[in-house]
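Student: Sharing data_24.cif, mmCIF, C-alpha atoms:
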```
data_query
#
loop_
_atom_site.group_PDB
_atom_site.id
_atom_site.type_symbol
_atom_site.label_atom_id
_atom_site.label_comp_id
_atom_site.auth_asym_id
_atom_site.auth_seq_id
_atom_site.Cartn_x
_atom_site.Cartn_y
_atom_site.Cartn_z
ATOM 1 C CA MET I 6 -1.292 36.424 -28.076
ATOM 2 C CA LYS I 7 -1.356 32.801 -29.201
ATOM 3 C CA LYS I 8 1.966 32.086 -27.511
ATOM 4 C CA VAL I 9 0.769 33.578 -24.214
ATOM 5 C CA LEU I 10 -2.408 31.496 -24.331
ATOM 6 C CA VAL I 11 -0.524 28.259 -25.101
ATOM 7 C CA THR I 12 2.029 28.978 -22.356
ATOM 8 C CA THR I 13 -0.743 29.669 -19.841
ATOM 9 C CA VAL I 14 -2.553 26.441 -20.702
ATOM 10 C CA LEU I 15 0.675 24.443 -20.365
ATOM 11 C CA LEU I 16 1.507 25.999 -16.998
ATOM 12 C CA ILE I 17 -1.981 25.323 -15.628
ATOM 13 C CA GLY I 18 -1.784 21.735 -16.849
ATOM 14 C CA MET I 19 1.618 21.205 -15.240
ATOM 15 C CA MET I 20 0.441 22.659 -11.921
ATOM 16 C CA GLY I 21 -2.579 20.368 -11.870
ATOM 17 C CA PHE I 22 -0.454 17.338 -12.677
ATOM 18 C CA SER I 23 2.118 18.109 -9.987
ATOM 19 C CA GLN I 24 -0.525 18.548 -7.278
ATOM 20 C CA ARG I 25 -2.245 15.287 -8.174
ATOM 21 C CA GLY I 26 0.577 13.247 -6.638
ATOM 22 C CA GLN I 27 0.347 15.133 -3.349
ATOM 23 C CA HIS I 28 -3.363 14.386 -2.967
ATOM 24 C CA PHE I 29 -3.208 10.763 -4.079
ATOM 25 C CA ASN I 30 -0.594 9.662 -1.581
ATOM 26 C CA SER I 31 -1.575 11.866 1.366
ATOM 27 C CA GLU I 32 -2.941 9.009 3.521
ATOM 28 C CA GLN I 33 0.276 7.007 3.381
ATOM 29 C CA ARG I 34 2.435 10.052 4.054
ATOM 30 C CA GLY I 35 0.475 10.770 7.241
ATOM 31 C CA MET I 36 0.866 7.189 8.460
ATOM 32 C CA LYS I 37 4.637 7.406 8.235
ATOM 33 C CA ASP I 38 4.756 9.439 11.458
ATOM 34 C CA MET I 39 2.335 7.224 13.414
ATOM 35 C CA THR I 40 3.213 4.444 15.824
ATOM 36 C CA PRO I 41 2.470 0.837 14.812
ATOM 37 C CA GLU I 42 -0.327 0.778 17.435
ATOM 38 C CA GLN I 43 -2.008 3.832 15.903
ATOM 39 C CA ILE I 44 -1.733 2.404 12.398
ATOM 40 C CA ALA I 45 -3.199 -0.920 13.564
ATOM 41 C CA ILE I 46 -6.146 0.798 15.249
ATOM 42 C CA LEU I 47 -6.974 2.922 12.211
ATOM 43 C CA LYS I 48 -6.631 0.031 9.790
ATOM 44 C CA THR I 49 -8.810 -2.193 11.985
ATOM 45 C CA LYS I 50 -11.516 0.471 12.196
ATOM 46 C CA LYS I 51 -11.500 0.916 8.420
ATOM 47 C CA MET I 52 -11.809 -2.840 7.971
ATOM 48 C CA THR I 53 -14.644 -2.921 10.532
ATOM 49 C CA LEU I 54 -16.539 -0.340 8.528
ATOM 50 C CA ALA I 55 -15.886 -2.080 5.227
ATOM 51 C CA LEU I 56 -16.461 -5.681 6.339
ATOM 52 C CA ASP I 57 -18.858 -5.278 9.291
ATOM 53 C CA LEU I 58 -16.568 -7.157 11.689
ATOM 54 C CA SER I 59 -17.773 -8.607 14.981
ATOM 55 C CA THR I 60 -16.041 -7.654 18.241
ATOM 56 C CA ALA I 61 -14.109 -10.929 18.326
ATOM 57 C CA GLN I 62 -13.008 -10.450 14.714
ATOM 58 C CA GLN I 63 -11.920 -6.890 15.482
ATOM 59 C CA LYS I 64 -9.641 -8.118 18.276
ATOM 60 C CA GLU I 65 -8.045 -10.757 16.046
ATOM 61 C CA ILE I 66 -7.629 -8.339 13.136
ATOM 62 C CA GLN I 67 -6.181 -5.735 15.524
ATOM 63 C CA LYS I 68 -3.482 -8.188 16.646
ATOM 64 C CA LEU I 69 -2.698 -9.085 13.046
ATOM 65 C CA ASN I 70 -2.566 -5.433 11.960
ATOM 66 C CA LEU I 71 -0.286 -4.606 14.895
ATOM 67 C CA GLU I 72 2.145 -7.387 13.950
ATOM 68 C CA ASN I 73 2.147 -6.208 10.332
ATOM 69 C CA ALA I 74 2.615 -2.540 11.271
ATOM 70 C CA LYS I 75 5.574 -3.366 13.542
ATOM 71 C CA GLU I 76 7.153 -5.470 10.821
ATOM 72 C CA ARG I 77 6.663 -2.722 8.217
ATOM 73 C CA LYS I 78 8.163 -0.098 10.536
ATOM 74 C CA ALA I 79 11.199 -2.313 11.164
ATOM 75 C CA LEU I 80 11.701 -2.885 7.429
ATOM 76 C CA MET I 81 11.284 0.818 6.742
ATOM 77 C CA LEU I 82 13.906 1.719 9.359
ATOM 78 C CA GLU I 83 16.270 -0.909 7.972
ATOM 79 C CA ARG I 84 15.932 0.516 4.445
ATOM 80 C CA LYS I 85 16.371 4.057 5.771
ATOM 81 C CA VAL I 86 19.598 3.112 7.584
ATOM 82 C CA LYS I 87 20.950 1.407 4.460
ATOM 83 C CA LYS I 88 20.077 4.435 2.373
ATOM 84 C CA GLU I 89 21.779 6.827 4.808
ATOM 85 C CA LYS I 90 24.909 4.691 4.925
ATOM 86 C CA ALA I 91 24.788 4.472 1.125
ATOM 87 C CA GLU I 92 26.119 0.927 1.261
ATOM 88 C CA GLU I 93 25.034 0.362 -2.296
ATOM 89 C CA SER I 94 23.232 2.385 -4.892
ATOM 90 C CA LYS I 95 20.841 -0.333 -6.028
ATOM 91 C CA PRO I 96 20.134 -3.822 -4.718
ATOM 92 C CA SER I 97 21.448 -6.696 -6.769
ATOM 93 C CA ALA I 98 19.125 -9.024 -8.673
ATOM 94 C CA ASP I 99 19.477 -11.647 -5.933
ATOM 95 C CA GLU I 100 18.595 -9.134 -3.217
ATOM 96 C CA ARG I 101 15.550 -7.944 -5.161
ATOM 97 C CA PHE I 102 14.480 -11.569 -5.621
ATOM 98 C CA ASP I 103 14.916 -12.297 -1.899
ATOM 99 C CA PHE I 104 12.938 -9.188 -0.953
ATOM 100 C CA GLN I 105 10.085 -10.032 -3.343
ATOM 101 C CA ASN I 106 10.097 -13.666 -2.214
ATOM 102 C CA GLU I 107 9.859 -12.662 1.467
ATOM 103 C CA ARG I 108 7.101 -10.158 0.687
ATOM 104 C CA LEU I 109 5.057 -12.755 -1.165
ATOM 105 C CA ASP I 110 5.563 -15.262 1.654
ATOM 106 C CA ARG I 111 4.234 -12.670 4.129
ATOM 107 C CA MET I 112 1.240 -12.037 1.859
ATOM 108 C CA ILE I 113 0.446 -15.768 1.699
ATOM 109 C CA VAL I 114 0.585 -16.053 5.495
ATOM 110 C CA GLN I 115 -1.563 -12.917 5.840
ATOM 111 C CA LYS I 116 -4.161 -14.323 3.458
ATOM 112 C CA GLY I 117 -4.325 -17.609 5.391
ATOM 113 C CA LYS I 118 -4.812 -15.797 8.702
ATOM 114 C CA MET I 119 -7.512 -13.564 7.234
ATOM 115 C CA LYS I 120 -9.308 -16.593 5.841
ATOM 116 C CA GLN I 121 -9.418 -18.113 9.345
ATOM 117 C CA ILE I 122 -10.731 -14.921 10.977
ATOM 118 C CA LEU I 123 -13.279 -13.717 8.401
ATOM 119 C CA SER I 124 -16.469 -15.343 7.182
ATOM 120 C CA GLU I 125 -16.547 -16.463 3.533
ATOM 121 C CA GLU I 126 -18.463 -13.360 2.438
ATOM 122 C CA GLN I 127 -16.154 -11.015 4.380
ATOM 123 C CA PHE I 128 -13.089 -12.772 3.003
ATOM 124 C CA GLN I 129 -14.291 -12.360 -0.590
ATOM 125 C CA LYS I 130 -14.975 -8.677 0.037
ATOM 126 C CA TRP I 131 -11.512 -8.273 1.612
ATOM 127 C CA GLU I 132 -9.851 -9.991 -1.349
ATOM 128 C CA ARG I 133 -11.653 -7.749 -3.851
ATOM 129 C CA ALA I 134 -10.542 -4.662 -1.930
ATOM 130 C CA ASN I 135 -6.933 -5.910 -1.748
ATOM 131 C CA HIS I 136 -6.892 -6.815 -5.439
ATOM 132 C CA HIS I 137 -8.196 -3.358 -6.320
ATOM 133 C CA HIS I 138 -5.628 -1.686 -4.044
ATOM 134 C CA ARG I 139 -2.686 -3.671 -5.456
ATOM 135 C CA ASN I 140 -3.631 -2.846 -9.043
ATOM 136 C CA HIS I 141 -3.300 0.894 -8.478
ATOM 137 C CA ARG I 142 0.202 2.192 -8.463
ATOM 138 C CA LYS I 143 1.371 5.006 -6.218
ATOM 139 C CA ASP I 144 1.492 7.481 -9.090
ATOM 140 C CA GLY I 145 -2.228 7.005 -9.667
ATOM 141 C CA LYS I 146 -2.053 5.055 -12.909
ATOM 142 C CA ARG I 147 -4.091 1.898 -13.076
ATOM 143 C CA VAL I 148 -2.371 -1.328 -13.999
ATOM 144 C CA HIS I 149 -4.441 -4.313 -15.073
ATOM 145 C CA ASP I 150 -3.487 -7.976 -14.904
ATOM 146 C CA SER I 151 -2.130 -7.690 -18.449
ATOM 147 C CA GLY I 152 0.279 -5.007 -17.256
ATOM 148 C CA LYS I 153 -1.048 -2.318 -19.604
ATOM 149 C CA ARG I 154 -1.764 1.192 -18.349
ATOM 150 C CA HIS I 155 -4.846 3.222 -19.120
ATOM 151 C CA GLY I 156 -4.350 6.181 -21.383
ATOM 152 C CA LYS I 157 -1.084 5.080 -22.949
#
```
How does this structure look as structure tokens?

Tutor:
Amino acid sequence: MKKVLVTTVLLIGMMGFSQRGQHFNSEQRGMKDMTPEQIAILKTKKMTLALDLSTAQQKEIQKLNLENAKERKALMLERKVKKEKAEESKPSADERFDFQNERLDRMIVQKGKMKQILSEEQFQKWERANHHHRNHRKDGKRVHDSGKRHGK
């Protein structure tokens, strides 16, 4: 009887854990099939709700989001093609460095553009939201500036 109870508890726990990943990442999975224009519109509307953007700000943010969405789609297609061709199993250290360096450069440019478009209060709110978003990994575990995870 004890063994059946322990087995049941373990199975229920494993099922709950496996479904957690599906729920957590559902928004990003749905966006994979959308066009860059659709992604830009949705992202702009979410930012409008969060930051109370004016009409002029919405137009500027929309352009910026469209540029970013097109760039992300192009990078995603490029990675997909490389993966299908199986040119290499893992990128070299130099390639990883180049990719991270380019990504950080894009983030710096993005931050500068946002600072020009948004008011000081809106910009601070946007930065807090971005900081919060970046500190949560895809698997749902929080990572703080120190790099330590909760619960471990």

Student: For stretch 119-133 of chain I, take all atoms listed in the file, fit an axis-aligned box around them, add 3 Å to each of the six sides, then output centre and edge lengths in Å rounded to one decimal, as lines of an AutoDock Vina configuration file.

Tutor:
```
center_x = -13.0
center_y = -12.9
center_z = 3.6
size_x = 17.0
size_y = 16.4
size_z = 20.8
```

Student: Got a sec: who's within 12 Å of stretch 47-63 of chain I, counting only C-alpha atoms, leaving out chain neighbours fewer than 3 positions off, as an NGL selection string?

Tutor: :I and (32-33 or 35-36 or 39-44 or 66-71 or 73-74 or 118-135)

Student: Provide the atom CA of I:Ala98 to atom CA of I:His137 distance in Å, to one decimal place.

Tutor: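 According to the coordinates, atom CA of I:Ala98 and atom CA of I:His137 are separated by 28.0 Å.
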
Student: Have a look at atom CA of I:Glu76 and atom CA of I:Phe102 and let me know their distance in Å, one decimal.

Tutor: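 Separation of atom CA of I:Glu76 and atom CA of I:Phe102: 19.0 Å.
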
Student: So what do you get for atom CA of I:Met81 versus atom CA of I:Lys37, distance-wise?

Tutor: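 Between atom CA of I:Met81 and atom CA of I:Lys37 the gap is 9.5 Å.
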
Student: Could you add all heavy atoms to stretch 11-22 of chain I and give me the result as a PDB file, in the coordinates of the input?

Tutor:
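Contents of the output file result13.pdb:
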```pdb
ATOM      1  N   VAL I  11      -1.069  29.620 -25.141  1.00  0.00           N
ATOM      2  CA  VAL I  11      -0.524  28.259 -25.101  1.00  0.00           C
ATOM      3  C   VAL I  11       0.347  28.071 -23.854  1.00  0.00           C
ATOM      4  O   VAL I  11       0.249  27.053 -23.168  1.00  0.00           O
ATOM      5  CB  VAL I  11       0.282  27.964 -26.394  1.00  0.00           C
ATOM      6  CG1 VAL I  11       1.069  26.675 -26.267  1.00  0.00           C
ATOM      7  CG2 VAL I  11      -0.648  27.902 -27.588  1.00  0.00           C
ATOM      8  N   THR I  12       1.167  29.051 -23.538  1.00  0.00           N
ATOM      9  CA  THR I  12       2.029  28.978 -22.356  1.00  0.00           C
ATOM     10  C   THR I  12       1.191  28.894 -21.077  1.00  0.00           C
ATOM     11  O   THR I  12       1.490  28.098 -20.183  1.00  0.00           O
ATOM     12  CB  THR I  12       2.959  30.209 -22.288  1.00  0.00           C
ATOM     13  OG1 THR I  12       3.683  30.302 -23.514  1.00  0.00           O
ATOM     14  CG2 THR I  12       3.912  30.112 -21.126  1.00  0.00           C
ATOM     15  N   THR I  13       0.143  29.682 -21.008  1.00  0.00           N
ATOM     16  CA  THR I  13      -0.743  29.669 -19.841  1.00  0.00           C
ATOM     17  C   THR I  13      -1.404  28.307 -19.673  1.00  0.00           C
ATOM     18  O   THR I  13      -1.453  27.759 -18.561  1.00  0.00           O
ATOM     19  CB  THR I  13      -1.819  30.767 -19.967  1.00  0.00           C
ATOM     20  OG1 THR I  13      -1.179  32.019 -20.164  1.00  0.00           O
ATOM     21  CG2 THR I  13      -2.688  30.826 -18.729  1.00  0.00           C
ATOM     22  N   VAL I  14      -1.907  27.747 -20.753  1.00  0.00           N
ATOM     23  CA  VAL I  14      -2.553  26.441 -20.702  1.00  0.00           C
ATOM     24  C   VAL I  14      -1.558  25.373 -20.252  1.00  0.00           C
ATOM     25  O   VAL I  14      -1.881  24.519 -19.413  1.00  0.00           O
ATOM     26  CB  VAL I  14      -3.181  26.082 -22.069  1.00  0.00           C
ATOM     27  CG1 VAL I  14      -3.613  24.633 -22.115  1.00  0.00           C
ATOM     28  CG2 VAL I  14      -4.346  26.995 -22.375  1.00  0.00           C
ATOM     29  N   LEU I  15      -0.344  25.410 -20.766  1.00  0.00           N
ATOM     30  CA  LEU I  15       0.675  24.443 -20.365  1.00  0.00           C
ATOM     31  C   LEU I  15       1.032  24.571 -18.886  1.00  0.00           C
ATOM     32  O   LEU I  15       1.177  23.565 -18.187  1.00  0.00           O
ATOM     33  CB  LEU I  15       1.932  24.598 -21.223  1.00  0.00           C
ATOM     34  CG  LEU I  15       1.834  24.084 -22.657  1.00  0.00           C
ATOM     35  CD1 LEU I  15       3.091  24.442 -23.437  1.00  0.00           C
ATOM     36  CD2 LEU I  15       1.635  22.577 -22.660  1.00  0.00           C
ATOM     37  N   LEU I  16       1.175  25.791 -18.401  1.00  0.00           N
ATOM     38  CA  LEU I  16       1.507  25.999 -16.998  1.00  0.00           C
ATOM     39  C   LEU I  16       0.391  25.499 -16.077  1.00  0.00           C
ATOM     40  O   LEU I  16       0.657  24.864 -15.061  1.00  0.00           O
ATOM     41  CB  LEU I  16       1.791  27.470 -16.722  1.00  0.00           C
ATOM     42  CG  LEU I  16       3.133  27.988 -17.225  1.00  0.00           C
ATOM     43  CD1 LEU I  16       3.234  29.493 -17.038  1.00  0.00           C
ATOM     44  CD2 LEU I  16       4.264  27.298 -16.507  1.00  0.00           C
ATOM     45  N   ILE I  17      -0.855  25.783 -16.442  1.00  0.00           N
ATOM     46  CA  ILE I  17      -1.981  25.323 -15.628  1.00  0.00           C
ATOM     47  C   ILE I  17      -2.027  23.797 -15.620  1.00  0.00           C
ATOM     48  O   ILE I  17      -2.241  23.176 -14.577  1.00  0.00           O
ATOM     49  CB  ILE I  17      -3.307  25.925 -16.145  1.00  0.00           C
ATOM     50  CG1 ILE I  17      -3.332  27.427 -15.856  1.00  0.00           C
ATOM     51  CG2 ILE I  17      -4.508  25.238 -15.499  1.00  0.00           C
ATOM     52  CD1 ILE I  17      -4.478  28.167 -16.495  1.00  0.00           C
ATOM     53  N   GLY I  18      -1.797  23.190 -16.763  1.00  0.00           N
ATOM     54  CA  GLY I  18      -1.784  21.735 -16.849  1.00  0.00           C
ATOM     55  C   GLY I  18      -0.677  21.125 -16.003  1.00  0.00           C
ATOM     56  O   GLY I  18      -0.889  20.124 -15.311  1.00  0.00           O
ATOM     57  N   MET I  19       0.492  21.721 -16.024  1.00  0.00           N
ATOM     58  CA  MET I  19       1.618  21.205 -15.240  1.00  0.00           C
ATOM     59  C   MET I  19       1.356  21.354 -13.745  1.00  0.00           C
ATOM     60  O   MET I  19       1.682  20.471 -12.970  1.00  0.00           O
ATOM     61  CB  MET I  19       2.915  21.914 -15.635  1.00  0.00           C
ATOM     62  CG  MET I  19       3.431  21.473 -16.991  1.00  0.00           C
ATOM     63  SD  MET I  19       4.856  22.383 -17.620  1.00  0.00           S
ATOM     64  CE  MET I  19       5.870  22.629 -16.222  1.00  0.00           C
ATOM     65  N   MET I  20       0.741  22.464 -13.343  1.00  0.00           N
ATOM     66  CA  MET I  20       0.441  22.659 -11.921  1.00  0.00           C
ATOM     67  C   MET I  20      -0.580  21.626 -11.444  1.00  0.00           C
ATOM     68  O   MET I  20      -0.440  21.066 -10.365  1.00  0.00           O
ATOM     69  CB  MET I  20      -0.085  24.079 -11.680  1.00  0.00           C
ATOM     70  CG  MET I  20       0.997  25.120 -11.758  1.00  0.00           C
ATOM     71  SD  MET I  20       0.515  26.846 -11.441  1.00  0.00           S
ATOM     72  CE  MET I  20      -1.193  26.864 -11.154  1.00  0.00           C
ATOM     73  N   GLY I  21      -1.579  21.367 -12.237  1.00  0.00           N
ATOM     74  CA  GLY I  21      -2.579  20.368 -11.870  1.00  0.00           C
ATOM     75  C   GLY I  21      -1.976  18.986 -11.772  1.00  0.00           C
ATOM     76  O   GLY I  21      -2.296  18.216 -10.861  1.00  0.00           O
ATOM     77  N   PHE I  22      -1.091  18.654 -12.679  1.00  0.00           N
ATOM     78  CA  PHE I  22      -0.454  17.338 -12.677  1.00  0.00           C
ATOM     79  C   PHE I  22       0.448  17.177 -11.465  1.00  0.00           C
ATOM     80  O   PHE I  22       0.469  16.127 -10.826  1.00  0.00           O
ATOM     81  CB  PHE I  22       0.338  17.144 -13.965  1.00  0.00           C
ATOM     82  CG  PHE I  22       0.968  15.792 -14.080  1.00  0.00           C
ATOM     83  CD1 PHE I  22       0.195  14.676 -14.363  1.00  0.00           C
ATOM     84  CD2 PHE I  22       2.323  15.620 -13.898  1.00  0.00           C
ATOM     85  CE1 PHE I  22       0.760  13.424 -14.462  1.00  0.00           C
ATOM     86  CE2 PHE I  22       2.910  14.373 -13.999  1.00  0.00           C
ATOM     87  CZ  PHE I  22       2.114  13.269 -14.281  1.00  0.00           C
TER      88      PHE I  22
END
```
